[in-house]
>>> print(open('upload_1.tsv').read())   # TSV, C-alpha atoms
chain	number	residue	atom	x	y	z
G	276	MET	CA	148.33	91.65	102.23
G	277	GLN	CA	149.88	88.89	104.25
G	278	PHE	CA	148.33	87.71	107.52
G	279	ASP	CA	150.75	85.89	109.77
G	280	GLU	CA	149.60	83.61	112.55
G	281	VAL	CA	148.78	85.48	115.72
G	282	ALA	CA	151.14	84.67	118.59
G	283	PRO	CA	149.59	82.49	121.32
G	284	GLY	CA	147.92	84.50	124.08
G	285	VAL	CA	147.43	87.70	122.12
G	286	TYR	CA	143.78	87.00	121.35
G	287	PRO	CA	141.35	86.18	124.16
G	288	SER	CA	140.58	82.58	125.04
G	289	LEU	CA	137.22	82.09	123.32
G	290	ILE	CA	135.99	79.92	126.17
G	291	HIS	CA	137.07	81.74	129.30
G	292	LEU	CA	135.16	80.10	132.15
G	293	PRO	CA	135.01	83.15	134.46
G	294	TYR	CA	133.13	84.99	131.67
G	295	GLN	CA	130.00	82.89	131.73
G	296	SER	CA	128.54	83.72	128.32
G	297	THR	CA	131.63	82.36	126.58
G	298	ARG	CA	130.82	78.81	127.73
G	299	SER	CA	128.12	78.28	125.14
G	300	ARG	CA	129.16	80.95	122.64
G	301	GLY	CA	132.89	80.47	122.16
G	302	PRO	CA	133.78	78.26	119.17
G	303	THR	CA	135.67	75.14	120.24
G	304	GLN	CA	137.57	74.49	117.01
G	305	PRO	CA	140.50	76.69	116.07
G	306	PRO	CA	139.86	78.88	113.03
G	307	LEU	CA	140.84	77.23	109.78
G	308	ARG	CA	143.67	79.15	108.16
G	309	VAL	CA	142.89	79.41	104.47
G	310	LYS	CA	144.35	81.04	101.40
G	311	ALA	CA	141.66	83.47	100.30
G	312	PRO	CA	142.87	86.39	98.20
G	313	VAL	CA	139.68	88.45	98.31
G	314	PRO	CA	139.36	89.24	102.04
G	315	ALA	CA	143.11	89.71	102.34
G	316	SER	CA	143.54	92.03	99.36
G	317	ASP	CA	140.33	93.64	98.15
G	318	GLY	CA	139.71	97.06	99.61
G	319	VAL	CA	136.62	97.84	101.63
G	320	ARG	CA	135.65	101.42	100.82
G	321	PHE	CA	132.86	103.47	102.34
G	322	SER	CA	131.59	106.91	101.36
G	323	PRO	CA	133.33	109.80	103.17
G	324	ALA	CA	129.88	111.43	103.36
G	325	LEU	CA	129.03	108.96	106.15
G	326	VAL	CA	130.77	111.12	108.73
G	327	GLY	CA	129.77	114.63	109.75
G	328	PRO	CA	131.39	116.98	112.30
G	329	LYS	CA	129.01	115.91	115.09
G	330	ASP	CA	130.10	112.32	114.71
G	331	LEU	CA	133.56	113.31	115.99
G	332	ASP	CA	132.20	115.03	119.10
G	333	LEU	CA	130.04	112.81	121.28
G	334	THR	CA	129.40	115.75	123.60
G	335	SER	CA	127.62	117.74	120.89
G	336	HIS	CA	124.48	115.66	120.41
G	337	GLY	CA	122.20	117.22	123.02
G	338	ARG	CA	120.81	120.66	123.80
G	339	SER	CA	123.55	121.26	126.29
G	340	ALA	CA	126.76	119.69	127.51
G	341	PRO	CA	126.56	116.18	128.95
G	342	LEU	CA	127.53	115.50	132.55
G	343	GLY	CA	130.93	114.07	133.29
G	344	GLU	CA	134.57	114.58	132.53
G	345	LYS	CA	135.13	115.74	128.97
G	346	ILE	CA	138.09	114.01	127.32
G	347	ILE	CA	139.82	113.87	123.95
G	348	VAL	CA	140.78	110.43	122.67
G	349	SER	CA	143.23	110.21	119.81
G	350	GLY	CA	145.73	107.82	118.32
G	351	ARG	CA	147.09	106.26	115.21
G	352	VAL	CA	145.98	103.11	113.37
G	353	VAL	CA	148.76	101.20	111.63
G	354	ASP	CA	149.34	97.72	110.23
G	355	GLU	CA	152.03	95.32	111.43
G	356	ASP	CA	154.63	97.02	109.24
G	357	GLY	CA	153.81	100.33	110.91
G	358	ARG	CA	152.14	101.67	107.78
G	359	PRO	CA	149.21	104.00	108.41
G	360	VAL	CA	145.74	102.58	107.82
G	361	ARG	CA	144.33	105.50	105.85
G	362	ARG	CA	140.80	106.78	105.35
G	363	SER	CA	139.38	103.81	107.20
G	364	LEU	CA	136.11	103.81	109.12
G	365	LEU	CA	136.20	103.65	112.91
G	366	GLU	CA	133.10	103.40	115.15
G	367	VAL	CA	133.01	104.04	118.90
G	368	TRP	CA	130.28	103.53	121.49
G	369	GLN	CA	130.20	103.73	125.26
G	370	CYS	CA	128.12	104.27	128.38
G	371	ASN	CA	127.74	107.68	130.01
G	372	ALA	CA	129.61	109.08	133.00
G	373	ALA	CA	127.23	107.25	135.37
G	374	GLY	CA	127.85	103.88	133.71
G	375	ARG	CA	124.56	103.63	131.76
G	376	TYR	CA	124.21	102.84	128.05
G	377	TRP	CA	121.65	104.47	125.79
G	378	HIS	CA	119.96	101.12	125.25
G	379	PRO	CA	116.50	99.83	126.22
G	380	LYS	CA	117.93	96.64	127.71
G	381	ASP	CA	120.43	98.35	129.99
G	382	GLN	CA	118.68	98.12	133.36
G	383	HIS	CA	121.54	99.45	135.48
G	384	ASP	CA	120.04	101.75	138.12
G	385	ALA	CA	122.01	104.81	137.06
G	386	PRO	CA	120.69	107.90	135.30
G	387	LEU	CA	120.52	108.33	131.56
G	388	ASP	CA	121.88	111.64	130.33
G	389	PRO	CA	119.62	113.16	127.65
G	390	ASN	CA	122.66	114.97	126.29
G	391	PHE	CA	124.80	111.90	125.80
G	392	HIS	CA	124.06	108.90	123.61
G	393	GLY	CA	127.65	107.63	123.50
G	394	VAL	CA	127.99	107.09	119.77
G	395	GLY	CA	130.59	108.33	117.28
G	396	ARG	CA	132.23	107.45	114.00
G	397	MET	CA	135.11	108.80	111.96
G	398	PHE	CA	137.64	108.07	109.26
G	399	THR	CA	141.36	107.89	109.91
G	400	ASP	CA	143.35	110.56	108.07
G	401	ASP	CA	146.19	110.10	105.59
G	402	ASP	CA	148.56	109.36	108.47
G	403	GLY	CA	146.21	106.83	110.08
G	404	ARG	CA	145.27	109.26	112.86
G	405	TYR	CA	141.87	109.65	114.49
G	406	ARG	CA	140.54	111.96	117.19
G	407	PHE	CA	137.22	112.35	118.96
G	408	VAL	CA	135.80	114.24	121.93
G	409	THR	CA	133.70	112.45	124.52
G	410	ILE	CA	132.90	111.98	128.21
G	411	LYS	CA	134.92	109.59	130.32
G	412	PRO	CA	132.69	106.53	130.73
G	413	GLY	CA	131.89	105.18	134.19
G	414	PRO	CA	132.31	101.62	135.46
G	415	TYR	CA	129.10	99.59	135.69
G	416	PRO	CA	127.87	96.27	137.14
G	417	TRP	CA	127.01	93.49	134.71
G	418	GLY	CA	125.77	90.50	136.71
G	419	ASN	CA	128.37	87.97	135.57
G	420	HIS	CA	129.26	87.17	139.18
G	421	ASP	CA	129.04	88.74	142.63
G	422	LYS	CA	130.38	92.31	142.55
G	423	ALA	CA	131.06	92.14	138.81
G	424	TRP	CA	131.94	95.65	137.67
G	425	ARG	CA	133.41	96.44	134.27
G	426	PRO	CA	136.43	98.74	134.21
G	427	ALA	CA	135.61	101.95	132.32
G	428	HIS	CA	135.96	101.38	128.59
G	429	ILE	CA	135.09	102.66	125.14
G	430	HIS	CA	134.15	100.14	122.44
G	431	PHE	CA	136.04	100.45	119.14
G	432	SER	CA	135.09	98.95	115.79
G	433	LEU	CA	137.60	99.22	112.93
G	434	PHE	CA	137.25	98.18	109.31
G	435	GLY	CA	140.89	98.47	108.23
G	436	ASN	CA	141.60	98.56	104.53
G	437	VAL	CA	140.77	94.93	103.75
G	438	MET	CA	138.19	92.71	105.39
G	439	ALA	CA	140.76	90.50	107.12
G	440	GLN	CA	141.82	93.55	109.16
G	441	ARG	CA	138.39	94.00	110.77
G	442	LEU	CA	138.66	94.44	114.53
G	443	VAL	CA	136.29	95.09	117.42
G	444	THR	CA	137.88	95.81	120.77
G	445	GLN	CA	137.63	97.89	123.94
G	446	MET	CA	139.83	100.77	125.03
G	447	TYR	CA	140.47	100.94	128.76
G	448	PHE	CA	142.17	103.54	130.94
G	449	ALA	CA	145.64	102.69	132.22
G	450	ASN	CA	146.00	101.54	135.83
G	451	ASP	CA	142.30	100.91	136.41
G	452	PRO	CA	142.10	98.95	139.69
G	453	LEU	CA	139.17	96.96	138.28
G	454	PHE	CA	141.41	95.21	135.72
G	455	ALA	CA	142.29	92.50	138.22
G	456	PHE	CA	138.62	91.59	138.71
G	457	ASP	CA	137.35	91.76	135.11
G	458	PRO	CA	137.02	88.41	133.27
G	459	ILE	CA	136.64	90.14	129.90
G	460	TYR	CA	139.92	92.02	130.21
G	461	GLN	CA	141.58	88.96	131.81
G	462	SER	CA	140.45	86.69	128.96
G	463	ILE	CA	143.58	87.81	127.09
G	464	PRO	CA	146.38	85.57	128.41
G	465	ASP	CA	149.34	87.67	127.28
G	466	ASP	CA	150.27	90.47	129.72
G	467	ALA	CA	151.61	92.79	127.05
G	468	ALA	CA	148.61	92.28	124.78
G	469	ARG	CA	146.27	93.16	127.65
G	470	ALA	CA	148.31	96.23	128.51
G	471	ARG	CA	148.06	97.46	124.90
G	472	LEU	CA	144.29	97.91	125.34
G	473	ALA	CA	144.82	100.73	127.83
G	474	ALA	CA	144.84	104.39	126.82
G	475	HIS	CA	147.34	106.67	128.53
G	476	LEU	CA	147.04	110.26	129.65
G	477	ASP	CA	148.37	112.41	126.83
G	478	MET	CA	149.33	115.96	127.72
G	479	ALA	CA	150.27	116.66	124.10
G	480	HIS	CA	146.63	116.29	123.08
G	481	THR	CA	145.18	117.84	126.22
G	482	ASP	CA	143.22	120.94	125.28
G	483	GLY	CA	144.23	123.68	127.73
G	484	GLY	CA	141.53	124.11	130.34
G	485	ASN	CA	138.94	122.27	128.24
G	486	ALA	CA	139.65	118.56	128.23
G	487	LEU	CA	142.33	116.02	129.14
G	488	GLY	CA	143.75	113.96	126.30
G	489	TYR	CA	144.11	110.19	126.19
G	490	ARG	CA	146.15	108.31	123.62
G	491	PHE	CA	145.19	104.92	122.20
G	492	ASP	CA	147.19	103.54	119.28
G	493	ILE	CA	145.96	100.52	117.36
G	494	VAL	CA	147.86	97.93	115.35
G	495	LEU	CA	145.74	95.94	112.91
G	496	ARG	CA	146.86	92.60	111.52
G	497	GLY	CA	148.44	92.43	108.10
G	498	ARG	CA	151.80	93.07	106.47
G	499	HIS	CA	153.10	93.87	103.03
G	500	ALA	CA	150.38	96.26	102.03
G	501	THR	CA	150.76	97.69	98.56
G	502	PRO	CA	152.21	101.22	98.37
G	503	MET	CA	148.79	102.40	97.21
G	504	GLY	CA	147.71	102.31	100.83
G	505	LEU	CA	145.74	99.10	100.61
A	144	MET	CA	154.28	84.99	114.18
A	145	THR	CA	153.06	88.44	115.03
A	146	ASN	CA	153.31	90.27	118.28
A	147	GLY	CA	152.31	93.87	118.54
A	148	ILE	CA	148.76	93.69	117.26
A	149	THR	CA	145.82	95.09	119.17
A	150	SER	CA	143.76	92.32	120.73
A	151	SER	CA	140.03	91.78	120.42
A	152	GLN	CA	137.17	92.12	122.92
A	153	THR	CA	133.48	91.31	122.73
A	154	ILE	CA	131.02	93.86	121.36
A	155	GLY	CA	128.93	93.26	124.47
A	156	PRO	CA	125.13	93.50	124.52
A	157	PHE	CA	124.75	97.20	123.79
A	158	PRO	CA	126.25	98.22	120.43
A	159	HIS	CA	122.84	98.90	118.87
A	160	GLU	CA	122.81	102.70	119.17
A	161	GLY	CA	126.29	102.83	117.67
A	162	TRP	CA	125.76	100.22	114.97
A	163	ARG	CA	122.23	100.74	113.77
A	164	TRP	CA	123.09	103.39	111.18
A	165	ALA	CA	124.76	100.72	109.01
A	166	ALA	CA	121.97	98.23	109.70
A	167	GLU	CA	119.46	100.82	108.47
A	168	LEU	CA	121.48	101.53	105.34
A	169	SER	CA	121.61	97.78	104.72
A	170	GLN	CA	117.83	97.73	104.50
A	171	GLN	CA	117.94	99.64	101.24
A	172	GLY	CA	118.02	96.14	99.79
A	173	ALA	CA	119.56	94.90	96.62
A	174	VAL	CA	120.33	96.70	93.38
A	175	GLY	CA	119.90	95.22	89.92
A	176	ALA	CA	118.95	91.75	88.81
A	177	GLY	CA	121.25	89.68	91.00
A	178	LEU	CA	119.12	89.71	94.13
A	179	VAL	CA	120.04	87.01	96.63
A	180	THR	CA	118.22	86.76	99.94
A	181	ILE	CA	119.75	84.70	102.73
A	182	SER	CA	118.03	84.22	106.04
A	183	GLY	CA	118.89	82.07	109.01
A	184	VAL	CA	119.34	81.81	112.74
A	185	LEU	CA	122.42	82.26	114.89
A	186	TYR	CA	122.67	79.49	117.53
A	187	ASP	CA	124.87	78.95	120.55
A	188	GLY	CA	126.33	75.61	121.59
A	189	GLN	CA	123.17	74.66	123.52
A	190	GLY	CA	121.03	75.16	120.43
A	191	ALA	CA	119.58	78.37	121.85
A	192	PRO	CA	119.12	81.34	119.51
A	193	VAL	CA	121.53	84.24	120.02
A	194	SER	CA	119.37	87.35	120.17
A	195	ASP	CA	122.13	89.91	120.55
A	196	GLY	CA	124.45	88.92	117.73
A	197	TRP	CA	125.45	90.81	114.61
A	198	VAL	CA	126.08	89.49	111.13
A	199	GLU	CA	128.07	91.51	108.61
A	200	ALA	CA	128.27	90.46	104.99
A	201	TRP	CA	130.68	91.76	102.41
A	202	THR	CA	130.12	91.00	98.76
A	203	PRO	CA	132.96	92.45	96.67
A	204	ALA	CA	131.18	91.51	93.44
A	205	ALA	CA	128.34	93.85	94.46
A	206	ALA	CA	130.51	96.86	95.21
A	207	PRO	CA	130.60	98.11	91.57
A	208	VAL	CA	126.82	97.73	91.28
A	209	GLU	CA	126.32	99.71	94.48
A	210	HIS	CA	129.01	102.32	93.90
A	211	GLU	CA	126.56	105.18	94.48
A	212	ARG	CA	125.63	103.88	97.91
A	213	PRO	CA	127.44	104.79	101.14
A	214	LEU	CA	128.43	101.19	101.91
A	215	PRO	CA	128.97	99.49	98.55
A	216	GLY	CA	128.76	95.72	98.85
A	217	PHE	CA	128.39	95.79	102.63
A	218	ARG	CA	125.50	94.67	104.86
A	219	ARG	CA	125.02	94.66	108.63
A	220	CYS	CA	122.17	92.90	110.44
A	221	ALA	CA	121.38	92.56	114.15
A	222	THR	CA	119.91	89.20	115.10
A	223	GLY	CA	116.33	89.33	116.39
A	224	GLU	CA	114.71	87.87	119.50
A	225	GLN	CA	114.70	84.42	117.89
A	226	GLY	CA	118.29	84.76	116.68
A	227	GLU	CA	117.09	85.45	113.16
A	228	PHE	CA	118.95	87.46	110.54
A	229	ARG	CA	118.30	88.33	106.91
A	230	LEU	CA	120.69	89.57	104.22
A	231	GLU	CA	119.70	90.95	100.83
A	232	LEU	CA	122.68	90.96	98.49
A	233	SER	CA	123.03	92.58	95.10
A	234	ALA	CA	125.25	90.27	93.15
A	235	ALA	CA	125.51	86.66	92.16
A	236	PRO	CA	128.85	85.20	93.27
A	237	ARG	CA	131.90	84.96	91.09
A	238	PRO	CA	132.49	81.28	90.15
A	239	GLY	CA	133.97	79.38	93.08
A	240	GLU	CA	133.77	82.39	95.39
A	241	PRO	CA	131.32	82.71	98.28
A	242	VAL	CA	128.32	84.94	97.72
A	243	ALA	CA	129.44	86.85	100.83
A	244	TRP	CA	132.29	86.99	103.31
A	245	ILE	CA	130.89	87.08	106.82
A	246	ALA	CA	132.01	88.64	110.09
A	247	LEU	CA	130.12	87.61	113.18
A	248	PHE	CA	129.87	89.38	116.55
A	249	ALA	CA	128.07	88.70	119.83
A	250	ARG	CA	128.10	89.22	123.55
A	251	GLY	CA	130.15	86.35	124.94
A	252	LEU	CA	132.16	86.09	121.73
A	253	LEU	CA	135.52	87.55	122.70
A	254	LYS	CA	136.80	87.73	119.14
A	255	HIS	CA	134.66	88.19	116.05
A	256	GLN	CA	134.60	85.19	113.75
A	257	PHE	CA	135.09	85.22	110.00
A	258	CYS	CA	133.41	82.76	107.70
A	259	ALA	CA	131.90	82.69	104.24
A	260	VAL	CA	128.60	81.62	102.73
A	261	PHE	CA	128.13	79.83	99.40
A	262	LEU	CA	124.89	79.24	97.52
A	263	VAL	CA	124.14	75.55	97.07
A	264	ASP	CA	123.32	75.97	93.37
A	265	ALA	CA	126.09	78.41	92.50
A	266	PRO	CA	128.16	77.55	89.43
A	267	GLY	CA	131.68	76.47	90.27
A	268	LEU	CA	130.85	75.25	93.76
A	269	ALA	CA	132.52	71.89	93.13
A	270	ASN	CA	135.70	73.67	92.03
A	271	SER	CA	135.85	76.29	94.76
A	272	GLU	CA	139.42	76.84	95.91
A	273	LEU	CA	138.15	77.99	99.28
A	274	LEU	CA	135.83	75.02	99.90
A	275	ALA	CA	138.59	72.65	98.84
A	276	GLN	CA	140.54	73.85	101.88
A	277	VAL	CA	137.67	72.99	104.24
A	278	PRO	CA	137.37	69.40	105.55
A	279	ALA	CA	134.67	67.70	103.48
A	280	ALA	CA	132.59	66.74	106.50
A	281	ARG	CA	132.21	70.39	107.56
A	282	ARG	CA	131.70	72.10	104.18
A	283	ASP	CA	127.93	72.06	104.57
A	284	THR	CA	128.21	74.59	107.38
A	285	LEU	CA	129.16	77.21	104.79
A	286	ILE	CA	126.48	76.40	102.19
A	287	ALA	CA	123.09	78.11	102.08
A	288	GLN	CA	120.23	75.88	100.94
A	289	ARG	CA	117.64	76.99	98.40
A	290	GLN	CA	114.10	77.43	99.65
A	291	ALA	CA	110.84	76.96	97.74
A	292	ASP	CA	110.42	80.73	97.41
A	293	GLY	CA	113.81	81.15	95.76
A	294	SER	CA	115.55	82.57	98.81
A	295	TYR	CA	118.29	80.77	100.73
A	296	ARG	CA	118.50	79.43	104.26
A	297	TRP	CA	121.75	79.43	106.20
A	298	ASP	CA	122.09	78.91	109.96
A	299	ILE	CA	125.22	79.71	111.94
A	300	HIS	CA	126.31	77.58	114.92
A	301	LEU	CA	128.86	79.13	117.26
A	302	GLN	CA	129.53	75.80	118.94
A	303	GLY	CA	128.54	72.14	119.03
A	304	GLU	CA	128.31	69.25	116.59
A	305	ARG	CA	127.32	71.54	113.75
A	306	GLU	CA	129.79	74.28	114.64
A	307	THR	CA	130.28	76.52	111.63
A	308	VAL	CA	133.72	76.52	110.07
A	309	PHE	CA	135.36	79.78	111.06
A	310	LEU	CA	138.25	81.10	109.07
A	311	ASP	CA	141.55	82.85	109.46
A	312	PHE	CA	143.24	84.25	106.38
A	313	THR	CA	146.89	83.85	105.38
>>> encode(input="upload_1.tsv", output="structure tokens")
Amino acid sequence: MQFDEVAPGVYPSLIHLPYQSTRSRGPTQPPLRVKAPVPASDGVRFSPALVGPKDLDLTSHGRSAPLGEKIIVSGRVVDEDGRPVRRSLLEVWQCNAAGRYWHPKDQHDAPLDPNFHGVGRMFTDDDGRYRFVTIKPGPYPWGNHDKAWRPAHIHFSLFGNVMAQRLVTQMYFANDPLFAFDPIYQSIPDDAARARLAAHLDMAHTDGGNALGYRFDIVLRGRHATPMGL
Amino acid sequence: MTNGITSSQTIGPFPHEGWRWAAELSQQGAVGAGLVTISGVLYDGQGAPVSDGWVEAWTPAAAPVEHERPLPGFRRCATGEQGEFRLELSAAPRPGEPVAWIALFARGLLKHQFCAVFLVDAPGLANSELLAQVPAARRDTLIAQRQADGSYRWDIHLQGERETVFLDFT
């Protein structure tokens, strides 16, 4: 595959002063663009047996239903040519409806939900589509500055078809009033690139009286994939 | 130049519940005779260890050897309280190729970083097409050094004088 330069402002600024941890963790030198055939062309393939039905339904891991608003998140993963990224692993993780992660170091004074661990994984289908059922995550404070509250989000990790397509990002919910105050979201300079991280209400995938649908499409880097689907 | 791609965001401090399944599978260790162990520490720009980072290694040469495993040729490791990580790989590198391609994640790192790690005594190192593209003064940041016990040591520096060379692919 071919990996063009990313337009300025599409990726976050690696040192974004309002997000304090970036000051000592963001690399200062621009990445070195190299010709390296292996990560751009060799397929990364994982066993389909890695994913079971429960992995697609984050509300199914406890003895009963978790608290919160049940939602369905779905979308399509494509490359820059619009070709589907097929049979590719996708991981998601998130906090619960009260804004608390299932993690020993999350000290936010909000309740854990024994029926919700906030973890899922799935493969895209032959059309690049994915779908999972979950609970709408809550906002939570994170101590970066006074009144620092993260907008509600779901973390996404995608492997693509070749290593150079690997992506970790966060899916937000459109029109969240916390966007304006969040240094992580605001670390992306380009308005349109920021806006693309928001999921939109999707009545087409809303399940009757069961759960509202949200749509989040993803475009991974890379063009000129071979017709084999790589 | 590209436009419509989906941007990146940090993994944050709490991916462990979601990511540990692959870290556990990675502890199955190496297959066959080509065992390579690389250990090191992930540092920030102040020289402090990064205790909530993640190192992923992909070794295409190992994928055929590990074809019966769920994640052939792939490893994932969370850094420990002292920033330490350890990778056990199944295959010796192809001549001139790194022993593993690396993806690196951390809280405070708004986009994952790619790099590669070479073994100091690997055949073909001097003729590596990848290393030839890296400024000579910074090549050492991608080379793991052999230890007395036969394993390799490789530290990663997110920032500072010894900042690791991070890569973007064409």
>>> interface_residues(input="upload_1.tsv", of="chain G", to="chain A", cutoff="6 Å", atoms="all atoms listed in the file", output="VMD selection string")
chain G and resid 277 to 282 286 289 296 to 297 299 to 302 306 to 310 321 to 322 368 394 443 to 445 493 to 495
>>> closest_residue(input="upload_1.tsv", among="G:Met397, G:Glu366, G:Asn436, G:Gly337", to="Arg320 (chain G)", atoms="only C-alpha atoms")
G:Asn436
>>> closest_residue(input="upload_1.tsv", among="G:Asp482, G:Asp492, G:Asp381, G:Asp388", to="Lys345 (chain G)", atoms="all atoms listed in the file")
G:Asp482
>>> atom_distance(input="upload_1.tsv", atom1="CA of Ala280 (chain A)", atom2="CA of Glu304 (chain A)")
11.2 Å
>>> axis_aligned_box(input="upload_1.tsv", around="region 388-392 of chain G", padding_each_side="6 Å", output="AutoDock Vina command-line options")
--center_x 122.2 --center_y 111.9 --center_z 127.0 --size_x 17.2 --size_y 18.1 --size_z 18.7
>>> atom_distance(input="upload_1.tsv", atom1="CA of Phe398 (chain G)", atom2="CA of Arg441 (chain G)")
14.2 Å
>>> atom_distance(input="upload_1.tsv", atom1="CA of Ala470 (chain G)", atom2="CA of Ser349 (chain G)")
17.2 Å
>>> residues_around(input="upload_1.tsv", residues="Ser294 (chain A)", least_positions_apart="5", cutoff="8 Å", atoms="all atoms listed in the file", output="PyMOL selection string")
chain A and resi 179-182+289
>>> closest_residue(input="upload_1.tsv", among="A:Ala205, A:Ala200, A:Ile286, A:Val242", to="Leu230 (chain A)", atoms="all atoms listed in the file")
A:Ala200
>>> closest_residue(input="upload_1.tsv", among="G:Asp457, G:Asp401, G:Asp421, G:Glu344", to="Ala486 (chain G)", atoms="only C-alpha atoms")
G:Glu344
>>> closest_residue(input="upload_1.tsv", among="A:Gly183, A:Gly226, A:Pro266, A:Pro192", to="Gln290 (chain A)", atoms="all atoms listed in the file")
A:Gly183
>>> residues_around(input="upload_1.tsv", residues="Asn419 (chain G)", least_positions_apart="3", cutoff="9 Å", atoms="all atoms listed in the file", output="list in words")
Pro293, Tyr294, Gln295, Ser296, Pro416, Lys422, Ala423, Trp424 and Pro458 of chain G
>>> closest_residue(input="upload_1.tsv", among="G:Ile410, G:Ile290, G:Ala311, G:Ala474", to="Leu342 (chain G)", atoms="only C-alpha atoms")
G:Ile410
>>> residues_around(input="upload_1.tsv", residues="Ala234 (chain A)", least_positions_apart="6", cutoff="7 Å", atoms="all atoms listed in the file", output="VMD selection string")
chain A and resid 177 to 178 204 to 205
>>> residues_around(input="upload_1.tsv", residues="Gly223 (chain A)", least_positions_apart="5", cutoff="8 Å", atoms="all atoms listed in the file", output="JSON, numbers by chain")
{"A": [194, 195, 228]}
>>> write_last_selection(input="upload_1.tsv", atoms="C-alpha atoms", output="PDB file, keeping the file's coordinate frame")
ATOM      1  CA  SER A 194     119.370  87.350 120.170  1.00  0.00           C
ATOM      2  CA  ASP A 195     122.130  89.910 120.550  1.00  0.00           C
ATOM      3  CA  PHE A 228     118.950  87.460 110.540  1.00  0.00           C
TER       4      PHE A 228
END
